[in-house]
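Here is my_file_2.txt, consisting of compact mmCIF, C-alpha atoms and all ligand atoms:
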```txt
# COMPACT_ATOMS: atom_id res chain seq x y z
CA MET Y 246 16.81 -9.79 -3.74
CA THR Y 247 18.10 -6.85 -5.79
CA LEU Y 248 16.77 -5.21 -8.94
CA PRO Y 249 19.88 -4.24 -10.95
CA ALA Y 250 18.00 -2.16 -13.54
CA PRO Y 251 14.43 -1.62 -14.74
CA GLY Y 252 12.98 -4.51 -16.72
CA ARG Y 253 15.35 -7.10 -15.27
CA PRO Y 254 14.51 -9.97 -12.94
CA LEU Y 255 15.45 -9.67 -9.28
CA GLN Y 256 18.77 -11.30 -8.42
CA GLN Y 257 19.65 -13.13 -5.25
CA VAL Y 258 22.67 -11.45 -3.67
CA TRP Y 259 24.52 -12.64 -0.57
CA ARG Y 260 26.26 -10.12 1.66
CA GLN Y 261 28.89 -11.31 4.08
CA GLN Y 262 28.35 -8.72 6.80
CA LEU Y 263 25.31 -7.50 8.66
CA PRO Y 264 24.61 -3.81 8.01
CA GLN Y 265 25.41 -1.68 11.05
CA PRO Y 266 22.75 0.85 12.08
CA GLY Y 267 23.98 4.44 12.03
CA PRO Y 268 22.81 7.21 14.36
CA GLY Y 269 19.01 7.13 14.67
CA GLN Y 270 18.69 3.86 12.78
CA VAL Y 271 17.57 0.36 13.70
CA ARG Y 272 18.47 -2.93 12.07
CA ILE Y 273 15.49 -5.21 11.54
CA ARG Y 274 15.47 -8.96 10.96
CA VAL Y 275 12.77 -9.19 8.28
CA ALA Y 276 10.10 -11.81 8.92
CA ALA Y 277 7.67 -10.82 6.16
CA CYS Y 278 7.40 -8.17 3.47
CA GLY Y 279 4.48 -7.45 1.18
CA VAL Y 280 4.66 -7.19 -2.59
CA CYS Y 281 2.89 -4.10 -3.89
CA ARG Y 282 1.80 -2.70 -7.24
CA THR Y 283 4.36 0.08 -6.71
CA ASP Y 284 7.10 -2.56 -6.87
CA LEU Y 285 5.88 -3.42 -10.37
CA HIS Y 286 5.96 0.26 -11.36
CA ILE Y 287 9.61 0.42 -10.27
CA VAL Y 288 10.47 -2.82 -12.10
CA ASP Y 289 8.72 -1.55 -15.22
CA GLY Y 290 10.54 1.80 -15.20
CA GLU Y 291 7.31 3.75 -14.67
CA LEU Y 292 8.86 5.56 -11.71
CA PRO Y 293 12.19 7.44 -11.90
CA TRP Y 294 15.16 5.12 -11.43
CA PRO Y 295 17.13 6.11 -8.31
CA GLY Y 296 20.52 5.53 -9.95
CA HIS Y 297 21.53 2.43 -8.01
CA ALA Y 298 20.36 -1.16 -7.68
CA VAL Y 299 17.11 -1.34 -5.74
CA VAL Y 300 16.04 -3.67 -2.97
CA LEU Y 301 12.26 -3.53 -3.26
CA GLY Y 302 9.76 -3.94 -0.45
CA HIS Y 303 7.97 -1.34 1.67
CA GLU Y 304 5.59 -3.46 3.74
CA ILE Y 305 8.16 -4.79 6.18
CA VAL Y 306 7.44 -6.62 9.41
CA GLY Y 307 10.22 -7.99 11.56
CA ARG Y 308 12.04 -7.78 14.83
CA ILE Y 309 14.62 -5.26 15.87
CA GLY Y 310 18.07 -6.82 15.91
CA ALA Y 311 20.21 -3.80 16.77
CA LEU Y 312 19.81 -0.16 17.75
CA GLY Y 313 22.03 2.59 16.38
CA PRO Y 314 23.34 5.42 18.57
CA GLY Y 315 20.67 7.76 19.94
CA VAL Y 316 17.63 5.53 19.35
CA ALA Y 317 15.11 5.75 22.19
CA GLY Y 318 11.72 4.14 22.70
CA LEU Y 319 12.46 0.92 20.77
CA ALA Y 320 13.97 -2.30 22.06
CA VAL Y 321 15.85 -5.23 20.57
CA GLY Y 322 13.41 -8.05 19.86
CA GLU Y 323 10.39 -5.76 19.40
CA GLN Y 324 8.04 -6.52 16.47
CA VAL Y 325 7.86 -3.47 14.19
CA GLY Y 326 6.71 -2.44 10.72
CA VAL Y 327 8.40 -0.21 8.15
CA PRO Y 328 6.26 1.64 5.58
CA TRP Y 329 6.91 3.33 2.22
CA LEU Y 330 7.74 6.72 3.79
CA GLY Y 331 11.31 6.17 4.95
CA TRP Y 332 12.62 9.67 5.66
CA THR Y 333 11.58 13.33 5.31
CA CYS Y 334 13.46 16.60 5.77
CA GLY Y 335 11.32 17.92 8.61
CA ARG Y 336 12.03 21.52 7.56
CA CYS Y 337 10.19 22.26 4.29
CA ALA Y 338 6.78 23.95 4.11
CA HIS Y 339 5.05 20.60 3.54
CA CYS Y 340 6.77 18.90 6.48
CA LEU Y 341 6.03 21.86 8.78
CA ALA Y 342 2.35 21.85 7.73
CA GLY Y 343 1.81 18.17 8.57
CA ARG Y 344 2.05 17.06 4.95
CA GLU Y 345 5.34 15.20 5.09
CA ASN Y 346 3.88 12.86 2.44
CA LEU Y 347 4.59 15.70 -0.04
CA CYS Y 348 8.15 16.49 1.14
CA PRO Y 349 10.20 17.01 -2.04
CA GLN Y 350 13.26 15.46 -0.36
CA ALA Y 351 11.41 12.45 1.02
CA GLU Y 352 13.10 9.08 0.66
CA PHE Y 353 11.02 5.96 0.22
CA THR Y 354 11.60 2.44 1.46
CA GLY Y 355 12.25 -0.06 -1.29
CA TRP Y 356 13.11 2.68 -3.80
CA GLN Y 357 15.70 5.27 -2.73
CA ARG Y 358 16.27 3.34 0.51
CA GLU Y 359 16.84 -0.39 0.65
CA GLY Y 360 13.62 -2.27 1.28
CA GLY Y 361 12.46 -5.48 2.84
CA HIS Y 362 12.84 -8.06 0.08
CA ALA Y 363 15.83 -9.07 2.16
CA GLU Y 364 16.69 -10.84 5.40
CA GLN Y 365 17.96 -7.70 7.13
CA VAL Y 366 17.15 -4.03 6.62
CA LEU Y 367 18.10 -0.70 8.16
CA ALA Y 368 15.39 1.86 8.92
CA ASP Y 369 15.20 5.32 10.44
CA ALA Y 370 13.75 4.67 13.89
CA ARG Y 371 11.39 7.67 13.59
CA TYR Y 372 9.57 6.04 10.65
CA VAL Y 373 8.98 2.66 12.26
CA PHE Y 374 5.54 1.64 13.57
CA ALA Y 375 4.43 -0.72 16.28
CA VAL Y 376 2.40 -3.57 14.76
CA PRO Y 377 -1.14 -3.84 16.18
CA PRO Y 378 -1.74 -6.86 18.43
CA GLY Y 379 -3.41 -9.95 16.98
CA TYR Y 380 -1.67 -10.01 13.59
CA ASP Y 381 1.10 -12.44 12.76
CA ASP Y 382 4.05 -11.24 10.68
CA ALA Y 383 2.65 -12.16 7.26
CA GLN Y 384 -0.81 -10.78 8.07
CA ALA Y 385 0.64 -7.53 9.37
CA ALA Y 386 2.81 -6.85 6.30
CA PRO Y 387 0.01 -5.67 3.95
CA LEU Y 388 -1.15 -3.20 6.58
CA LEU Y 389 2.04 -1.20 5.98
CA CYS Y 390 1.11 -0.03 2.48
CA ALA Y 391 -2.09 -1.59 1.16
CA GLY Y 392 -3.75 -0.75 4.45
CA LEU Y 393 -2.12 2.62 4.99
CA ILE Y 394 -2.50 4.05 1.49
CA GLY Y 395 -5.99 2.58 1.38
CA TRP Y 396 -6.74 4.36 4.63
CA ARG Y 397 -5.48 7.71 3.33
CA ALA Y 398 -7.60 7.29 0.19
CA TYR Y 399 -10.64 6.35 2.27
CA ALA Y 400 -10.14 9.35 4.54
CA MET Y 401 -9.86 11.59 1.46
CA ALA Y 402 -13.41 10.56 0.48
CA GLY Y 403 -14.63 12.21 3.67
CA PRO Y 404 -17.05 11.18 6.42
CA GLN Y 405 -20.10 12.14 4.32
CA ALA Y 406 -19.31 9.37 1.81
CA ARG Y 407 -21.69 6.59 2.83
CA ARG Y 408 -21.69 4.50 -0.36
CA ILE Y 409 -18.16 3.82 -1.53
CA GLY Y 410 -16.99 2.12 -4.72
CA LEU Y 411 -13.65 0.29 -4.69
CA TYR Y 412 -12.06 -0.15 -8.13
CA GLY Y 413 -9.46 -2.93 -8.21
CA PHE Y 414 -10.24 -5.41 -5.44
CA GLY Y 415 -6.73 -6.46 -4.42
CA ALA Y 416 -4.61 -5.98 -1.33
CA ALA Y 417 -5.71 -2.43 -0.47
CA ALA Y 418 -9.41 -2.75 -1.29
CA HIS Y 419 -9.89 -5.99 0.64
CA LEU Y 420 -8.64 -4.25 3.79
CA ILE Y 421 -10.43 -0.93 3.33
CA ALA Y 422 -13.71 -2.69 2.49
CA GLN Y 423 -13.63 -4.14 6.00
CA VAL Y 424 -12.89 -0.75 7.57
CA ALA Y 425 -15.75 0.83 5.63
CA VAL Y 426 -18.23 -1.92 6.56
CA HIS Y 427 -17.08 -1.71 10.19
CA GLN Y 428 -17.85 2.03 10.10
CA GLY Y 429 -21.33 1.45 8.69
CA ARG Y 430 -20.63 2.42 5.08
CA GLU Y 431 -21.93 0.56 2.05
CA VAL Y 432 -19.25 -0.96 -0.21
CA MET Y 433 -19.49 -1.68 -3.94
CA ALA Y 434 -16.54 -3.63 -5.39
CA PHE Y 435 -15.41 -3.36 -9.02
CA THR Y 436 -12.92 -5.94 -10.31
CA ARG Y 437 -11.25 -6.92 -13.56
CA PRO Y 438 -14.07 -8.18 -15.81
CA GLY Y 439 -14.93 -11.76 -14.89
CA ASP Y 440 -12.69 -11.97 -11.80
CA ALA Y 441 -15.11 -14.18 -9.88
CA ALA Y 442 -12.60 -14.92 -7.09
CA ALA Y 443 -12.10 -11.24 -6.25
CA GLN Y 444 -15.85 -10.59 -6.44
CA ALA Y 445 -16.53 -13.52 -4.11
CA LEU Y 446 -13.87 -12.24 -1.70
CA ALA Y 447 -15.51 -8.79 -1.76
CA ARG Y 448 -18.94 -10.22 -0.95
CA SER Y 449 -17.52 -12.41 1.81
CA LEU Y 450 -15.99 -9.29 3.42
CA GLY Y 451 -19.31 -7.47 3.45
CA ALA Y 452 -19.55 -5.72 0.07
CA ALA Y 453 -23.19 -5.01 -0.79
CA TRP Y 454 -22.47 -5.45 -4.49
CA ALA Y 455 -19.56 -6.75 -6.58
CA GLY Y 456 -19.21 -6.65 -10.35
CA ASP Y 457 -17.01 -5.88 -13.34
CA SER Y 458 -15.30 -2.49 -13.63
CA GLY Y 459 -17.27 -1.58 -16.76
CA GLN Y 460 -20.62 -2.04 -15.02
CA ALA Y 461 -22.69 0.72 -13.46
CA PRO Y 462 -23.36 0.28 -9.73
CA PRO Y 463 -26.98 -0.34 -8.69
CA GLN Y 464 -27.04 3.11 -7.04
CA PRO Y 465 -24.78 6.15 -7.60
CA LEU Y 466 -21.67 6.24 -5.42
CA ASP Y 467 -20.75 9.01 -2.97
CA ALA Y 468 -17.08 8.28 -3.61
CA ALA Y 469 -14.95 5.96 -5.71
CA LEU Y 470 -11.49 4.83 -4.60
CA LEU Y 471 -9.27 3.68 -7.48
CA PHE Y 472 -6.64 1.10 -6.53
CA ALA Y 473 -6.09 -0.29 -10.03
CA PRO Y 474 -3.56 1.59 -12.22
CA GLY Y 475 -5.70 1.96 -15.34
CA GLY Y 476 -6.39 5.60 -16.23
CA ALA Y 477 -9.51 4.54 -18.17
CA LEU Y 478 -11.12 3.83 -14.79
CA VAL Y 479 -11.16 7.56 -13.93
CA PRO Y 480 -13.94 8.58 -16.36
CA GLU Y 481 -15.75 5.30 -15.59
CA ALA Y 482 -15.69 6.06 -11.88
CA LEU Y 483 -16.76 9.68 -12.52
CA ARG Y 484 -19.88 8.40 -14.24
CA ALA Y 485 -20.61 6.17 -11.24
CA VAL Y 486 -20.44 8.95 -8.59
CA ARG Y 487 -23.31 11.28 -7.76
CA PRO Y 488 -23.10 15.08 -8.10
CA GLY Y 489 -20.72 16.35 -5.41
CA GLY Y 490 -19.01 12.96 -5.28
CA THR Y 491 -15.28 12.31 -5.26
CA VAL Y 492 -13.02 10.04 -7.29
CA VAL Y 493 -9.80 9.27 -5.38
CA CYS Y 494 -6.83 7.93 -7.36
CA ALA Y 495 -4.75 5.99 -4.84
CA GLY Y 496 -1.91 4.61 -6.97
CA ILE Y 497 1.51 6.19 -7.45
CA HIS Y 498 1.26 5.68 -11.21
CA MET Y 499 -1.61 5.31 -13.68
CA SER Y 500 -1.77 4.89 -17.40
CA ASP Y 501 -3.01 8.03 -19.18
CA ILE Y 502 -6.54 9.16 -18.45
CA PRO Y 503 -8.60 9.28 -21.65
CA SER Y 504 -10.46 12.50 -22.44
CA PHE Y 505 -14.11 12.61 -21.51
CA PRO Y 506 -17.06 15.04 -21.77
CA TYR Y 507 -17.03 17.85 -19.23
CA ALA Y 508 -20.59 16.86 -18.32
CA TRP Y 509 -19.16 13.84 -16.48
CA LEU Y 510 -17.20 16.14 -14.15
CA TRP Y 511 -19.92 18.78 -13.92
CA GLY Y 512 -22.03 18.80 -10.79
CA GLU Y 513 -19.07 19.53 -8.48
CA ARG Y 514 -17.64 16.07 -8.85
CA ARG Y 515 -13.96 16.00 -7.91
CA ILE Y 516 -10.95 13.95 -8.97
CA VAL Y 517 -8.10 13.86 -6.43
CA SER Y 518 -4.93 11.85 -5.96
CA VAL Y 519 -3.38 10.39 -2.84
CA ALA Y 520 0.40 10.61 -2.49
CA ASN Y 521 2.31 8.42 -0.04
CA LEU Y 522 1.45 8.61 3.67
CA THR Y 523 2.26 10.52 6.81
CA ARG Y 524 3.30 8.99 10.11
CA GLN Y 525 0.00 10.27 11.51
CA ASP Y 526 -1.82 8.14 8.90
CA GLY Y 527 0.16 5.17 10.17
CA GLU Y 528 -0.77 5.76 13.80
CA ASP Y 529 -4.44 6.35 12.92
CA PHE Y 530 -4.69 3.29 10.71
CA MET Y 531 -2.91 0.93 13.13
CA ARG Y 532 -5.47 1.94 15.77
CA VAL Y 533 -8.30 1.13 13.36
CA ALA Y 534 -6.65 -2.17 12.38
CA ALA Y 535 -6.49 -3.14 16.06
CA ALA Y 536 -10.14 -2.20 16.63
CA VAL Y 537 -11.83 -3.88 13.63
CA PRO Y 538 -9.83 -6.37 13.50
CA LEU Y 539 -9.09 -7.01 9.82
CA GLN Y 540 -9.06 -10.39 8.09
CA VAL Y 541 -5.93 -10.25 5.93
CA ARG Y 542 -5.98 -12.58 2.92
CA THR Y 543 -2.32 -13.35 2.17
CA HIS Y 544 -0.68 -15.34 -0.58
CA THR Y 545 2.80 -16.17 0.71
CA TYR Y 546 6.06 -16.98 -1.05
CA PRO Y 547 9.57 -17.67 0.23
CA LEU Y 548 11.80 -14.61 -0.24
CA ALA Y 549 13.79 -16.38 -2.99
CA GLN Y 550 10.59 -16.59 -5.09
CA ALA Y 551 10.11 -12.82 -5.22
CA ASN Y 552 10.14 -12.85 -9.04
CA GLN Y 553 7.25 -15.32 -9.06
CA ALA Y 554 5.33 -13.12 -6.63
CA LEU Y 555 5.80 -10.10 -8.91
CA ASP Y 556 4.68 -12.10 -11.96
CA ASP Y 557 1.60 -13.41 -10.17
CA LEU Y 558 0.67 -9.92 -8.98
CA ARG Y 559 1.00 -8.57 -12.50
CA ALA Y 560 -1.20 -11.33 -13.89
CA GLY Y 561 -3.75 -11.15 -11.06
CA ARG Y 562 -3.27 -14.83 -10.21
CA PHE Y 563 -4.38 -14.59 -6.57
CA ALA Y 564 -6.93 -12.76 -4.42
CA GLY Y 565 -5.68 -10.62 -1.54
CA ALA Y 566 -2.07 -9.61 -0.79
CA ALA Y 567 1.23 -11.22 -1.83
CA VAL Y 568 3.73 -11.53 1.02
CA LEU Y 569 7.33 -12.76 1.02
CA VAL Y 570 8.28 -14.64 4.16
CA ASN Y 571 11.62 -15.48 5.74
CA ALA Y 572 11.18 -18.77 7.53
CA SER Y 573 14.51 -18.34 9.30
CA ALA Y 574 13.54 -15.05 10.92
CA THR Y 575 10.57 -16.10 13.03
ZN ZN H 601 2.88 -0.09 -1.72
ZN ZN H 602 10.23 18.12 3.94
```

For this file, produce the structure as structure tokens.
Ligand SMILES: [Zn+2]
Ligand SMILES: [Zn+2]
Amino acid sequence: MTLPAPGRPLQQVWRQQLPQPGPGQVRIRVAACGVCRTDLHIVDGELPWPGHAVVLGHEIVGRIGALGPGVAGLAVGEQVGVPWLGWTCGRCAHCLAGRENLCPQAEFTGWQREGGHAEQVLADARYVFAVPPGYDDAQAAPLLCAGLIGWRAYAMAGPQARRIGLYGFGAAAHLIAQVAVHQGREVMAFTRPGDAAAQALARSLGAAWAGDSGQAPPQPLDAALLFAPGGALVPEALRAVRPGGTVVCAGIHMSDIPSFPYAWLWGERRIVSVANLTRQDGEDFMRVAAAVPLQVRTHTYPLAQANQALDDLRAGRFAGAAVLVNASAT
């Protein structure tokens, strides 16, 4: 499924030949691939257009079909996952300091690099993860971005954050809520006003409180993690955190943040953003996902219905994570 230009529907395209993995690459038969808010930002032209048609999809789970020259440590038939971070330079100051998520030359899966809304995909073998045991293909897919970016945002809040607010209770929040509860934290879930299904899901996963995003939590938060792309949530979340608390913006794009009184930031409150992921995040999170283990709420579609999945995500028509599945690949 290719996106020819921003604002257009995805088109089904048939290629006659399997892509051949180059040096250091693997070819993966895609079994499942998540649909993420970032895909909508690319479709809507809110992220820079890479200058060529895009195959979306950066929560890929499948099996290795072929190894390119020089690939070691992976085998044909192995179940693997491919995340958003598809390649980094390895030489810049960020890469050398363990912050490859900030590499200015980084290439991302399903944006600059072809993604997993397809039957076959090539990936750099160094950016491929083993999938934790106990997850089937569709359940594992949301771990690759919703889980991973959620994990990086959660880690950014710090170990001292005991009461955590999650704004936007979709794919990422429903996974991170379980991690937080597993680690003995208290979770407060904020959804679109009146989204009873998402609030019920939050409570069923252990949230101590669930309500509308405009509401104040019953007690001040130590940290707020923002997974919804509305900039107006930033001052709202600031008012919900205690002095010294942190507001973490986890999305790659947000609408503009409205101005607000300095008093809301005063008291050493902090606003930070989370950008992408590192491979270390991936390894850390997959270990956590194996230990908890996470209940993944998926809403699946055949690959050919990718446009419907994007529409439903935009409209908030389901609770949990949208996943495209290839019945022929399993
Ligand atoms: Zn994503
Ligand atoms: Zn770099």

Which of these residues is nearest to Gly527 of chain Y, using all atoms listed in the file: Y:Asn346, Y:Gln365, Y:Gln428, Y:Thr247? Y:Asn346

Name the closest residue to ligand ZN 601 (chain H) among the candidates Y:Val321, Y:Ala445, Y:Leu471, Y:Cys390; distances are taken between atoms, counting only C-alpha atoms and all ligand atoms.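 That would be Y:Cys390, the residue with the smallest distance to ligand ZN 601 (chain H).
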
With all atoms listed in the file as the basis for distance, which of Y:Gly343, Y:Pro506, Y:Gly355, Y:Pro538 is at the shortest distance from ligand ZN 602 (chain H)?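 Of Y:Gly343, Y:Pro506, Y:Gly355, Y:Pro538, the one nearest ligand ZN 602 (chain H) is Y:Gly343, counting all atoms listed in the file.
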
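Restricting the calculation to only C-alpha atoms and all ligand atoms, the smallest distance between ligand ZN 601 (chain H) and any of Y:Leu411, Y:Ile502, Y:Leu341, Y:Leu522 is found for Y:Leu522.
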
Given a cut-off of 6 Å, what residues near ligand ZN 602 (chain H) show up using all atoms listed in the file, put as a PDB file with C-alpha atoms, in the coordinates of the input?
```pdb
ATOM      1  CA  THR Y 333      11.580  13.330   5.310  1.00  0.00           C
ATOM      2  CA  CYS Y 334      13.460  16.600   5.770  1.00  0.00           C
ATOM      3  CA  GLY Y 335      11.320  17.920   8.610  1.00  0.00           C
ATOM      4  CA  ARG Y 336      12.030  21.520   7.560  1.00  0.00           C
ATOM      5  CA  CYS Y 337      10.190  22.260   4.290  1.00  0.00           C
ATOM      6  CA  HIS Y 339       5.050  20.600   3.540  1.00  0.00           C
ATOM      7  CA  CYS Y 340       6.770  18.900   6.480  1.00  0.00           C
ATOM      8  CA  GLU Y 345       5.340  15.200   5.090  1.00  0.00           C
ATOM      9  CA  CYS Y 348       8.150  16.490   1.140  1.00  0.00           C
ATOM     10  CA  GLN Y 350      13.260  15.460  -0.360  1.00  0.00           C
TER      11      GLN Y 350
END
```

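Our summary of the geometry notes that atom CA of Glu431 of chain Y is positioned 13.7 Å from atom CA of Ser449 of chain Y.
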